[in-house]
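Data file: input_29.txt. Format and content: compact mmCIF, C-alpha atoms.
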# COMPACT_ATOMS: atom_id res chain seq x y z
CA MET L 172 0.00 0.00 0.00
CA LYS L 173 1.23 3.51 -0.87
CA ILE L 174 0.56 6.46 1.45
CA GLU L 175 1.69 9.89 0.24
CA LEU L 176 1.51 13.16 2.20
CA LYS L 177 0.75 16.15 -0.02
CA GLU L 178 0.18 19.86 0.47
CA ILE L 179 -3.01 21.02 -1.26
CA THR L 180 -3.85 24.72 -1.28
CA VAL L 181 -7.39 25.92 -0.72
CA ARG L 182 -7.18 27.42 -4.21
CA GLU L 183 -6.50 23.96 -5.67
CA LEU L 184 -9.13 22.30 -3.49
CA THR L 185 -11.93 24.70 -4.41
CA ASN L 186 -11.10 24.76 -8.12
CA GLY L 187 -14.00 23.16 -9.99
CA TYR L 188 -16.15 22.86 -6.86
CA GLN L 189 -19.70 21.80 -7.66
CA ASP L 190 -22.53 20.73 -5.39
CA ASN L 191 -24.82 18.59 -7.50
CA ASN L 192 -27.17 17.74 -4.63
CA GLU L 193 -28.12 14.05 -4.94
CA ASN L 194 -25.52 13.57 -7.66
CA GLY L 195 -22.69 14.33 -5.26
CA ILE L 196 -20.12 17.05 -4.61
CA VAL L 197 -16.78 17.39 -6.42
CA GLY L 198 -13.73 19.67 -6.22
CA PHE L 199 -9.98 19.77 -6.93
CA GLY L 200 -10.50 20.36 -10.64
CA GLY L 201 -13.46 17.97 -10.70
CA ILE L 202 -11.37 14.87 -9.86
CA LEU L 203 -12.00 14.80 -6.10
CA ASP L 204 -15.23 13.15 -5.01
CA ILE L 205 -15.97 15.13 -1.85
CA ARG L 206 -19.30 13.53 -1.20
CA PRO L 207 -20.20 10.64 -3.51
CA PRO L 208 -23.84 10.39 -4.60
CA TYR L 209 -26.17 9.42 -1.72
CA GLN L 210 -23.30 9.54 0.78
CA ARG L 211 -23.56 11.06 4.25
CA GLU L 212 -25.21 14.49 4.16
CA PHE L 213 -23.50 17.61 5.53
CA ILE L 214 -23.80 17.40 9.31
CA TYR L 215 -21.55 20.16 10.67
CA LYS L 216 -23.24 22.72 12.88
CA ASP L 217 -22.62 26.44 12.24
CA LYS L 218 -20.15 26.64 15.13
CA GLN L 219 -18.06 23.77 13.72
CA ARG L 220 -18.19 25.16 10.19
CA ASP L 221 -17.16 28.67 11.36
CA ALA L 222 -14.28 27.21 13.38
CA VAL L 223 -12.80 25.72 10.21
CA ILE L 224 -12.70 29.12 8.50
CA ASN L 225 -11.38 30.76 11.67
CA THR L 226 -8.51 28.25 11.64
CA LEU L 227 -7.65 29.16 8.05
CA THR L 228 -7.78 32.93 8.60
CA LYS L 229 -5.45 32.68 11.60
CA ASP L 230 -3.14 30.33 9.71
CA TYR L 231 -3.48 27.71 12.42
CA PRO L 232 -2.92 24.06 11.43
CA LEU L 233 -6.05 22.17 10.40
CA ASN L 234 -6.32 18.46 11.09
CA VAL L 235 -4.86 16.21 8.41
CA MET L 236 -7.32 14.91 5.81
CA TYR L 237 -7.34 11.58 4.03
CA TRP L 238 -8.10 10.78 0.40
CA ALA L 239 -8.20 7.45 -1.40
CA VAL L 240 -7.14 6.83 -4.98
CA ARG L 241 -10.01 5.21 -6.88
CA GLU L 242 -9.82 2.75 -9.72
CA ASP L 243 -10.31 5.48 -12.33
CA GLY L 244 -7.34 7.43 -10.95
CA ASN L 245 -9.50 10.11 -9.36
CA PHE L 246 -9.76 10.71 -5.62
CA GLU L 247 -12.37 10.27 -2.92
CA VAL L 248 -12.44 11.97 0.48
CA ILE L 249 -12.30 9.41 3.26
CA ASP L 250 -11.82 11.67 6.27
CA GLY L 251 -12.27 15.44 6.13
CA GLN L 252 -15.49 15.67 4.14
CA GLN L 253 -17.15 18.11 6.53
CA ARG L 254 -14.08 20.38 6.69
CA THR L 255 -13.72 20.30 2.91
CA ILE L 256 -17.34 21.25 2.29
CA SER L 257 -17.12 24.01 4.91
CA ILE L 258 -14.14 25.54 3.09
CA CYS L 259 -15.66 25.22 -0.38
CA GLN L 260 -19.01 26.63 0.67
CA TYR L 261 -17.37 29.66 2.25
CA VAL L 262 -15.20 30.42 -0.78
CA GLN L 263 -18.28 30.01 -2.97
CA GLY L 264 -20.14 32.57 -0.85
CA ASP L 265 -22.73 30.35 0.83
CA TYR L 266 -22.31 31.82 4.33
CA SER L 267 -20.53 34.53 6.35
CA VAL L 268 -18.21 34.39 9.36
CA MET L 269 -16.25 36.75 11.60
CA VAL L 270 -12.83 37.33 10.01
CA GLY L 271 -10.03 39.31 11.63
CA ASN L 272 -10.78 42.24 13.93
CA ILE L 273 -13.83 43.52 12.06
CA PRO L 274 -16.82 42.97 14.40
CA SER L 275 -19.24 41.73 11.76
CA GLN L 276 -19.72 38.62 9.70
CA ARG L 277 -18.37 38.75 6.17
CA ALA L 278 -18.77 36.50 3.17
CA PHE L 279 -15.70 35.58 1.16
CA HIS L 280 -16.43 38.22 -1.49
CA ASN L 281 -16.56 40.86 1.27
CA LEU L 282 -12.95 40.22 2.28
CA GLN L 283 -10.03 42.37 1.20
CA ASN L 284 -7.79 40.93 -1.52
CA ASN L 285 -5.02 40.13 0.92
CA GLU L 286 -7.50 38.34 3.19
CA GLN L 287 -8.83 36.30 0.29
CA ASP L 288 -5.30 35.41 -0.81
CA GLN L 289 -4.41 34.33 2.71
CA ILE L 290 -7.25 31.82 2.66
CA MET L 291 -6.71 30.66 -0.92
CA ASN L 292 -2.99 30.08 -0.34
CA TYR L 293 -3.54 28.15 2.90
CA LYS L 294 -1.93 24.72 2.63
CA LEU L 295 -3.93 21.69 3.68
CA MET L 296 -2.12 18.51 4.64
CA VAL L 297 -3.61 15.49 2.88
CA TYR L 298 -2.63 11.84 3.09
CA ILE L 299 -3.40 10.07 -0.20
CA CYS L 300 -3.73 6.30 0.00
CA SER L 301 -3.68 3.69 -2.76
CA GLY L 302 -3.60 -0.07 -2.38
CA THR L 303 -5.72 -3.18 -2.14
CA GLU L 304 -9.21 -3.08 -0.64
CA SER L 305 -8.16 -4.92 2.51
CA GLU L 306 -5.12 -2.66 3.02
CA LYS L 307 -7.14 0.51 2.63
CA LEU L 308 -9.91 -0.70 4.93
CA GLU L 309 -7.43 -1.56 7.67
CA TRP L 310 -5.70 1.79 7.32
CA PHE L 311 -8.93 3.78 7.27
CA LYS L 312 -10.07 2.09 10.47
CA THR L 313 -6.76 2.99 12.08
CA ILE L 314 -6.84 6.69 11.17
CA ASN L 315 -10.56 7.18 11.75
CA ILE L 316 -10.00 8.84 15.12
CA ALA L 317 -10.99 12.50 14.85
CA GLY L 318 -13.73 14.84 13.74
CA GLU L 319 -17.08 13.39 12.65
CA LYS L 320 -16.01 9.77 12.65
CA LEU L 321 -16.89 7.56 9.72
CA THR L 322 -19.02 4.54 10.48
CA GLU L 323 -17.82 1.05 9.62
CA GLN L 324 -20.12 1.02 6.59
CA GLU L 325 -18.95 4.44 5.38
CA LEU L 326 -15.40 3.09 5.44
CA ARG L 327 -16.46 0.02 3.47
CA ASN L 328 -18.29 2.18 0.94
CA ALA L 329 -15.06 4.04 0.27
CA VAL L 330 -12.98 0.90 -0.06
CA TYR L 331 -15.43 -0.96 -2.32
CA SER L 332 -16.58 2.10 -4.28
CA GLY L 333 -17.89 1.38 -7.73
CA SER L 334 -21.07 0.99 -9.73
CA TRP L 335 -22.67 -1.39 -7.21
CA VAL L 336 -22.16 0.86 -4.16
CA SER L 337 -23.25 3.97 -6.06
CA ASP L 338 -26.49 2.30 -7.16
CA ALA L 339 -27.18 0.80 -3.72
CA LYS L 340 -26.87 4.18 -2.04
CA LYS L 341 -29.85 5.41 -4.04
CA TYR L 342 -32.05 2.92 -2.20
CA PHE L 343 -30.48 2.86 1.24
CA SER L 344 -28.40 5.90 2.07
CA LYS L 345 -30.36 9.15 2.05
CA THR L 346 -32.92 10.59 4.43
CA GLY L 347 -36.35 9.68 3.09
CA CYS L 348 -34.98 7.04 0.70
CA VAL L 349 -37.24 4.20 -0.43
CA ALA L 350 -35.70 1.75 2.06
CA TYR L 351 -36.63 4.12 4.88
CA GLN L 352 -40.14 4.59 3.52
CA ILE L 353 -40.97 0.88 3.61
CA GLY L 354 -38.72 -0.31 6.42
CA ASN L 355 -38.41 2.38 9.09
CA LYS L 356 -40.92 0.57 11.34
CA TYR L 357 -38.64 -2.47 11.42
CA LEU L 358 -35.07 -1.13 11.32
CA ILE L 359 -33.12 1.04 13.73
CA GLY L 360 -30.37 3.52 12.91
CA ALA L 361 -29.93 6.43 10.50
CA VAL L 362 -30.00 5.93 6.75
CA ASN L 363 -27.56 8.81 6.13
CA ARG L 364 -25.00 7.09 8.35
CA GLN L 365 -25.40 3.91 6.28
CA ASP L 366 -27.16 1.86 9.00
CA TYR L 367 -29.92 0.54 6.71
CA PHE L 368 -27.35 -0.29 4.03
CA GLN L 369 -25.14 -2.17 6.50
CA THR L 370 -28.06 -4.06 8.03
CA THR L 371 -29.30 -5.27 4.66
CA ILE L 372 -25.87 -6.45 3.50
CA ASP L 373 -25.39 -8.14 6.87
CA TRP L 374 -28.65 -10.03 6.36
CA ILE L 375 -28.06 -11.14 2.78
CA SER L 376 -24.37 -11.97 3.33
CA LYS L 377 -25.01 -13.84 6.59
CA GLU L 378 -22.54 -11.62 8.47
CA ASN L 379 -19.90 -11.58 5.69
CA ILE L 380 -20.31 -7.95 4.68
CA GLU L 381 -16.85 -7.27 3.30
CA VAL L 382 -16.74 -10.50 1.29
CA TYR L 383 -20.16 -9.74 -0.17
CA MET L 384 -19.20 -6.17 -1.11
CA SER L 385 -15.95 -7.34 -2.67
CA ASN L 386 -17.78 -9.95 -4.76
CA HIS L 387 -20.32 -7.42 -6.04
CA GLN L 388 -18.15 -4.30 -6.26
CA HIS L 389 -18.25 -4.19 -10.07
CA ASP L 390 -21.85 -5.28 -10.59
CA PRO L 391 -23.65 -2.74 -12.80
CA ASN L 392 -26.37 -2.20 -10.20
CA ALA L 393 -27.65 -3.30 -6.78
CA SER L 394 -31.12 -4.40 -7.87
CA ALA L 395 -30.67 -7.86 -6.32
CA LEU L 396 -29.95 -6.32 -2.90
CA TRP L 397 -32.95 -4.02 -3.22
CA ARG L 398 -35.26 -6.90 -4.20
CA TYR L 399 -33.99 -8.89 -1.22
CA PHE L 400 -34.77 -6.01 1.16
CA GLN L 401 -38.28 -5.68 -0.22
CA ASP L 402 -38.80 -9.44 0.13
CA VAL L 403 -37.72 -9.34 3.79
CA ILE L 404 -40.14 -6.52 4.61
CA SER L 405 -43.01 -8.12 2.66
CA TRP L 406 -42.47 -11.48 4.40
CA THR L 407 -42.37 -9.77 7.81
CA GLU L 408 -45.62 -7.92 7.19
CA ALA L 409 -47.35 -11.00 5.82
CA THR L 410 -46.20 -13.30 8.65
CA PHE L 411 -46.84 -10.90 11.55
CA THR L 412 -50.07 -9.19 10.62
CA VAL L 413 -50.34 -6.86 13.64
CA TYR L 414 -47.58 -4.30 14.06
CA ARG L 415 -46.16 -3.56 17.51
CA LYS L 416 -43.34 -1.23 18.49
CA GLU L 417 -41.37 -4.25 19.75
CA MET L 418 -40.86 -5.29 16.11
CA LYS L 419 -38.40 -2.45 15.49
CA GLY L 420 -34.78 -3.56 15.49
CA ILE L 421 -35.28 -7.33 15.19
CA ASN L 422 -32.95 -9.15 12.79
CA TRP L 423 -35.72 -9.78 10.29
CA GLY L 424 -33.37 -10.72 7.48
CA PHE L 425 -31.87 -13.62 9.40
CA LEU L 426 -35.35 -14.90 10.28
CA TYR L 427 -36.43 -14.51 6.66
CA ASN L 428 -33.40 -16.49 5.44
CA VAL L 429 -34.40 -19.49 7.58
CA TYR L 430 -38.21 -19.39 7.62
CA LYS L 431 -39.24 -17.73 4.34
CA ASP L 432 -40.45 -21.02 2.83
CA LYS L 433 -42.36 -22.23 5.88
CA ILE L 434 -46.13 -21.87 5.94
CA PHE L 435 -47.51 -20.34 9.16
CA ASP L 436 -51.03 -20.05 10.49
CA THR L 437 -50.83 -16.28 10.90
CA LYS L 438 -53.98 -16.11 13.07
CA MET L 439 -52.61 -18.67 15.51
CA LEU L 440 -49.26 -16.92 15.45
CA GLU L 441 -50.86 -13.58 16.33
CA LYS L 442 -52.87 -15.15 19.18
CA GLU L 443 -49.73 -16.67 20.68
CA ILE L 444 -47.87 -13.37 20.36
CA SER L 445 -50.73 -11.53 22.05
CA ASP L 446 -50.76 -14.04 24.92
CA LEU L 447 -47.01 -13.77 25.38
CA MET L 448 -47.18 -9.98 25.38
CA GLN L 449 -49.50 -10.28 28.38
CA ASP L 450 -47.35 -12.88 30.16
CA GLU L 451 -45.65 -11.16 33.09
CA ASP L 452 -42.92 -13.82 33.11
CA VAL L 453 -41.70 -12.73 29.66
CA SER L 454 -39.20 -9.95 30.37
CA LYS L 455 -38.07 -9.29 26.79
CA LYS L 456 -41.16 -8.63 24.71
CA SER L 457 -39.21 -8.01 21.49
CA GLY L 458 -37.84 -11.56 21.75
CA ILE L 459 -41.34 -12.99 21.31
CA TYR L 460 -41.07 -12.83 17.51
CA GLU L 461 -37.87 -14.85 17.43
CA TYR L 462 -39.27 -17.28 20.00
CA VAL L 463 -42.47 -18.14 18.11
CA LEU L 464 -40.30 -19.11 15.13
CA THR L 465 -37.33 -20.78 16.83
CA ARG L 466 -38.96 -22.03 20.08
CA LYS L 467 -35.80 -20.99 21.96
CA GLU L 468 -36.73 -19.56 25.36
CA LYS L 469 -33.46 -17.61 25.56
CA TYR L 470 -35.06 -14.90 23.41
CA LEU L 471 -37.73 -14.24 26.05
CA SER L 472 -35.55 -13.68 29.13
CA ILE L 473 -38.04 -15.48 31.35
CA ARG L 474 -38.32 -13.68 34.68
CA SER L 475 -35.97 -15.08 37.31
CA PHE L 476 -36.97 -16.24 40.77
CA THR L 477 -36.33 -13.65 43.47
CA ASP L 478 -33.75 -14.16 46.19
CA LYS L 479 -36.62 -14.54 48.67
CA GLN L 480 -38.24 -17.30 46.58
CA LYS L 481 -34.90 -19.10 46.24
CA ARG L 482 -34.34 -18.91 50.01
CA GLU L 483 -37.82 -20.26 50.74
CA ALA L 484 -37.28 -23.25 48.41
CA PHE L 485 -33.79 -23.86 49.86
CA GLU L 486 -35.14 -23.93 53.44
CA ARG L 487 -38.07 -26.10 52.41
CA GLN L 488 -35.67 -28.64 50.88
CA LYS L 489 -33.20 -28.26 53.79
CA GLY L 490 -30.48 -27.58 51.21
CA ILE L 491 -30.91 -30.97 49.53
CA CYS L 492 -30.81 -31.06 45.72
CA ILE L 493 -34.02 -32.54 44.29
CA LYS L 494 -32.09 -34.47 41.65
CA CYS L 495 -29.02 -35.97 43.33
CA ASN L 496 -30.26 -35.87 46.96
CA VAL L 497 -27.00 -34.30 48.15
CA GLN L 498 -26.92 -31.36 50.57
CA PHE L 499 -25.38 -28.06 49.38
CA GLU L 500 -24.94 -24.48 50.51
CA LEU L 501 -27.31 -21.90 49.02
CA ASN L 502 -24.58 -20.39 46.82
CA GLU L 503 -23.93 -23.85 45.36
CA MET L 504 -27.48 -24.18 44.06
CA GLU L 505 -29.70 -22.61 41.38
CA ALA L 506 -33.44 -22.08 41.09
CA ASP L 507 -35.51 -24.11 38.64
CA HIS L 508 -39.15 -24.24 37.57
CA ILE L 509 -40.90 -27.39 38.86
CA THR L 510 -43.40 -27.15 36.02
CA PRO L 511 -41.50 -25.70 33.04
CA TRP L 512 -42.56 -22.26 31.87
CA HIS L 513 -43.47 -23.53 28.39
CA GLU L 514 -45.89 -26.01 30.02
CA GLY L 515 -47.64 -23.26 31.94
CA GLY L 516 -45.44 -23.11 35.01
CA ARG L 517 -45.21 -19.70 36.63
CA THR L 518 -42.25 -17.97 38.20
CA ASN L 519 -43.56 -18.00 41.77
CA ALA L 520 -42.63 -19.50 45.12
CA GLU L 521 -44.89 -22.56 44.70
CA ASN L 522 -43.20 -23.50 41.41
CA CYS L 523 -39.61 -23.02 42.61
CA GLN L 524 -37.17 -25.81 43.40
CA MET L 525 -33.44 -25.72 44.05
CA LEU L 526 -30.97 -27.91 42.20
CA CYS L 527 -27.24 -28.11 42.54
CA LYS L 528 -25.49 -26.19 39.77
CA ASN L 529 -24.36 -29.33 37.98
CA ASP L 530 -27.83 -30.92 37.87
CA ASN L 531 -29.53 -27.68 36.87
CA ARG L 532 -27.13 -27.16 33.98
CA ILE L 533 -27.53 -30.75 32.80
CA LYS L 534 -31.28 -30.32 32.94
CA SER L 535 -31.11 -27.04 31.03
CA GLY L 536 -28.73 -28.41 28.43
CA LYS L 537 -26.10 -25.77 29.28

Using structure tokens, write down the structure from this file.
Amino acid sequence: MKIELKEITVRELTNGYQDNNENGIVGFGGILDIRPPYQREFIYKDKQRDAVINTLTKDYPLNVMYWAVREDGNFEVIDGQQRTISICQYVQGDYSVMVGNIPSQRAFHNLQNNEQDQIMNYKLMVYICSGTESEKLEWFKTINIAGEKLTEQELRNAVYSGSWVSDAKKYFSKTGCVAYQIGNKYLIGAVNRQDYFQTTIDWISKENIEVYMSNHQHDPNASALWRYFQDVISWTEATFTVYRKEMKGINWGFLYNVYKDKIFDTKMLEKEISDLMQDEDVSKKSGIYEYVLTRKEKYLSIRSFTDKQKREAFERQKGICIKCNVQFELNEMEADHITPWHEGGRTNAENCQMLCKNDNRIKSGK
């Protein structure tokens, strides 16, 4: 991998600056992709933006920025996007700041010639990286330590940039995008920080995101990923016919991958879900959806016996394990349901028994 440190003047950076809205932002003579299409939106607050210009006017050092060399030989901003846009917008005349000792805000065109030249001649320090995808990803993770940090998926998008990522961002990466419109009830996170995009790739790749992106980097479009996302949402809505807030944030894609071909009695499923929602022993209500498909009680976090209930059962048994008939201290034993929860047993004193740790774990399959 090659890493080169270069001095780039503000004049060079802002040359050819264009903000094409959804089609991205470019600068540096049109060969620097400052914000690729459907990438993270500008998120600096006015105070942060003004601080960047204040740094330039006082000739203070600005944090180092990082660019990546793309396959076409052009560049893409990896770290420093917000600072770059702040600089370009000011030079273009989009906003005003306090400059020097004059007690009023001034736009760039209001500055004296020497003040403008001071800004335009300011030298930015930029590390430019070229190398394999894995090398760049590792390096980007290492240097991603300051400013508005890139998310893991934003880093991957930079490393595996190409036709597939660009097309996928149209569906998954902008506030109000179509993925948000149909899936916001079921997914958590922010689309403009790539959370929906990452979640969907995680689902379809079965937790092999980087391998999946590498394999599809040069696909002409991401229509297969978009169809998959729509299928997951459609299956979820058809299988669980009543929406509840507990459905937000569940790993629907993983459930879809396993159970998409199974036929469910949706009315019976809804009745069971409703009953479980009312069961005071079920501590984790969101786990009900995974439980009714997998039948694994771990998703429900069944309410534990209280210390008082454990002590009552221990005294009642005189410290003797129900299974092996050996006497133990209280801290050597664990509480267990006499009648299992899934058979209607409740988590109360009457249904509590104490087993030695070994017998309880054998019984529970731990």

Two-atom distance - CA of Phe435 (chain L), CA of Tyr357 (chain L) (Å):
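Those two atoms sit 20.1 Å apart.
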
Need to verify the contact set: region 488-497 of chain L, 7 Å, only C-alpha atoms, exclusion of same-chain residues closer than 3 positions in sequence. Can you return it as an mmCIF file with C-alpha atoms, in the frame of the given file?
data_model
loop_
_atom_site.group_PDB
_atom_site.id
_atom_site.type_symbol
_atom_site.label_atom_id
_atom_site.label_comp_id
_atom_site.auth_asym_id
_atom_site.auth_seq_id
_atom_site.Cartn_x
_atom_site.Cartn_y
_atom_site.Cartn_z
ATOM 1 C CA ALA L 484 -37.280 -23.250 48.410
ATOM 2 C CA PHE L 485 -33.790 -23.860 49.860
ATOM 3 C CA GLU L 500 -24.940 -24.480 50.510
ATOM 4 C CA LEU L 501 -27.310 -21.900 49.020
ATOM 5 C CA MET L 525 -33.440 -25.720 44.050
ATOM 6 C CA LEU L 526 -30.970 -27.910 42.200
ATOM 7 C CA CYS L 527 -27.240 -28.110 42.540
ATOM 8 C CA ASP L 530 -27.830 -30.920 37.870
#

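Separating CA of Gly458 (chain L) from CA of Ile509 (chain L) is a distance of 23.5 Å.
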
My list of candidates is L:Leu358, L:Ile380, L:Leu295, L:Ile444. Which is closest to Gly251 (chain L) when distances are computed with all atoms listed in the file?
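Using all atoms listed in the file, Gly251 (chain L) sits closest to L:Leu295.
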
For Ala339 (chain L), which residue among L:Tyr293, L:Trp310, L:Phe400, L:Tyr261 is the nearest when counting only C-alpha atoms?
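Between L:Tyr293, L:Trp310, L:Phe400, L:Tyr261, the residue approaching Ala339 (chain L) most closely is L:Phe400.
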
What is the CA of Trp397 (chain L) to CA of Asp373 (chain L) distance in Å?
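Computed distance, CA of Trp397 (chain L) to CA of Asp373 (chain L), equals 13.3 Å.
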
Selected residue, from L:Tyr215, L:Tyr470, L:Tyr231, L:Trp423, that lies nearest to Arg254 (chain L) when counting all atoms listed in the file:
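When distances to Arg254 (chain L) are compared using all atoms listed in the file, the smallest one comes from L:Tyr215.
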
At a cut-off of 9 Å from (-23.1, -5.4, 8.2) in the coordinates of the file, what residues are picked up using all atoms listed in the file, written as a PyMOL selection string?
chain L and resi 323-324+366+368-374+376-381

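Checking L:Asp230, L:Glu483, L:Glu183, L:Glu441 one by one against Gly271 (chain L), counting only C-alpha atoms, you find the shortest gap at L:Asp230.
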
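When only C-alpha atoms are used to compute distances to Pro511 (chain L), the closest of the residues L:Lys534, L:Lys438, L:Arg487, L:Lys433 turns out to be L:Lys534.
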
Applying 10 Å and only C-alpha atoms, which residues near Val429 (chain L) remain after dropping the ones on its own chain fewer than 4 positions away? List them as a list in words.
Gly424, Phe425, Lys433, Leu464 and Thr465 of chain L

Residue nearest Gly354 (chain L) - candidates L:Glu325, L:Asn386, L:Glu304, L:Trp406, atoms counted: all atoms listed in the file
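Of the candidates, the smallest distance to Gly354 (chain L) is held by L:Trp406.
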
For Tyr331 (chain L), work out the shell of residues within 12 Å, counting only C-alpha atoms and skipping chain neighbours fewer than 3 positions away, then give it as a compact mmCIF listing (two decimals) with C-alpha atoms, in the coordinates of the input.
# COMPACT_ATOMS: atom_id res chain seq x y z
CA ALA L 239 -8.20 7.45 -1.40
CA VAL L 240 -7.14 6.83 -4.98
CA ARG L 241 -10.01 5.21 -6.88
CA GLU L 242 -9.82 2.75 -9.72
CA GLU L 247 -12.37 10.27 -2.92
CA GLY L 302 -3.60 -0.07 -2.38
CA THR L 303 -5.72 -3.18 -2.14
CA GLU L 304 -9.21 -3.08 -0.64
CA SER L 305 -8.16 -4.92 2.51
CA GLU L 306 -5.12 -2.66 3.02
CA LYS L 307 -7.14 0.51 2.63
CA LEU L 308 -9.91 -0.70 4.93
CA GLN L 324 -20.12 1.02 6.59
CA GLU L 325 -18.95 4.44 5.38
CA LEU L 326 -15.40 3.09 5.44
CA ARG L 327 -16.46 0.02 3.47
CA ASN L 328 -18.29 2.18 0.94
CA SER L 334 -21.07 0.99 -9.73
CA TRP L 335 -22.67 -1.39 -7.21
CA VAL L 336 -22.16 0.86 -4.16
CA SER L 337 -23.25 3.97 -6.06
CA ALA L 339 -27.18 0.80 -3.72
CA ILE L 380 -20.31 -7.95 4.68
CA GLU L 381 -16.85 -7.27 3.30
CA VAL L 382 -16.74 -10.50 1.29
CA TYR L 383 -20.16 -9.74 -0.17
CA MET L 384 -19.20 -6.17 -1.11
CA SER L 385 -15.95 -7.34 -2.67
CA ASN L 386 -17.78 -9.95 -4.76
CA HIS L 387 -20.32 -7.42 -6.04
CA GLN L 388 -18.15 -4.30 -6.26
CA HIS L 389 -18.25 -4.19 -10.07
CA ASP L 390 -21.85 -5.28 -10.59

Using all atoms listed in the file, which protein or nucleic acid residues come within 10 Å of region 257-260 of chain L? Drop anything in the same chain fewer than 2 positions from it, and give the result as a PDB file with C-alpha atoms, in the coordinates of the input.
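The result, stored in selection-v5.pdb:
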ATOM      1  CA  VAL L 181      -7.390  25.920  -0.720  1.00  0.00           C
ATOM      2  CA  ARG L 182      -7.180  27.420  -4.210  1.00  0.00           C
ATOM      3  CA  LEU L 184      -9.130  22.300  -3.490  1.00  0.00           C
ATOM      4  CA  THR L 185     -11.930  24.700  -4.410  1.00  0.00           C
ATOM      5  CA  ASN L 186     -11.100  24.760  -8.120  1.00  0.00           C
ATOM      6  CA  GLY L 187     -14.000  23.160  -9.990  1.00  0.00           C
ATOM      7  CA  TYR L 188     -16.150  22.860  -6.860  1.00  0.00           C
ATOM      8  CA  GLN L 189     -19.700  21.800  -7.660  1.00  0.00           C
ATOM      9  CA  ASP L 190     -22.530  20.730  -5.390  1.00  0.00           C
ATOM     10  CA  VAL L 197     -16.780  17.390  -6.420  1.00  0.00           C
ATOM     11  CA  GLY L 198     -13.730  19.670  -6.220  1.00  0.00           C
ATOM     12  CA  PHE L 213     -23.500  17.610   5.530  1.00  0.00           C
ATOM     13  CA  TYR L 215     -21.550  20.160  10.670  1.00  0.00           C
ATOM     14  CA  ASP L 217     -22.620  26.440  12.240  1.00  0.00           C
ATOM     15  CA  GLN L 219     -18.060  23.770  13.720  1.00  0.00           C
ATOM     16  CA  ARG L 220     -18.190  25.160  10.190  1.00  0.00           C
ATOM     17  CA  ASP L 221     -17.160  28.670  11.360  1.00  0.00           C
ATOM     18  CA  ALA L 222     -14.280  27.210  13.380  1.00  0.00           C
ATOM     19  CA  VAL L 223     -12.800  25.720  10.210  1.00  0.00           C
ATOM     20  CA  ILE L 224     -12.700  29.120   8.500  1.00  0.00           C
ATOM     21  CA  LEU L 227      -7.650  29.160   8.050  1.00  0.00           C
ATOM     22  CA  GLY L 251     -12.270  15.440   6.130  1.00  0.00           C
ATOM     23  CA  GLN L 252     -15.490  15.670   4.140  1.00  0.00           C
ATOM     24  CA  GLN L 253     -17.150  18.110   6.530  1.00  0.00           C
ATOM     25  CA  ARG L 254     -14.080  20.380   6.690  1.00  0.00           C
ATOM     26  CA  THR L 255     -13.720  20.300   2.910  1.00  0.00           C
ATOM     27  CA  VAL L 262     -15.200  30.420  -0.780  1.00  0.00           C
ATOM     28  CA  GLN L 263     -18.280  30.010  -2.970  1.00  0.00           C
ATOM     29  CA  GLY L 264     -20.140  32.570  -0.850  1.00  0.00           C
ATOM     30  CA  ASP L 265     -22.730  30.350   0.830  1.00  0.00           C
ATOM     31  CA  TYR L 266     -22.310  31.820   4.330  1.00  0.00           C
ATOM     32  CA  SER L 267     -20.530  34.530   6.350  1.00  0.00           C
ATOM     33  CA  PHE L 279     -15.700  35.580   1.160  1.00  0.00           C
ATOM     34  CA  ILE L 290      -7.250  31.820   2.660  1.00  0.00           C
ATOM     35  CA  MET L 291      -6.710  30.660  -0.920  1.00  0.00           C
TER      36      MET L 291
END

Please return, as a list in words, all polymer residues that have at least one atom within 7 Å of the point (-33.8, -10.7, 17.7); use all atoms listed in the file and the file's own coordinate frame.
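Every residue inside that radius is included here: Ile421, Asn422, Gly458 and Glu461 of chain L.
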
Axis-aligned box for region 324-337 of chain L, 5 Å per side, centre and edges in Å as AutoDock Vina command-line options:
--center_x -18.1 --center_y 1.5 --center_z -1.6 --size_x 20.3 --size_y 15.8 --size_z 26.3

Neighbours of Val463 (chain L) within 12 Å (only C-alpha atoms; same-chain residues fewer than 5 positions away dropped), as a list in words?
Thr410, Phe411, Leu426, Tyr430, Phe435, Asp436, Thr437, Met439, Leu440, Glu441, Lys442, Glu443, Ile444, Ser445, Asp446, Leu447, Met448, Lys456, Ser457, Gly458, Glu468, Lys469, Tyr470, Leu471 and His513 of chain L
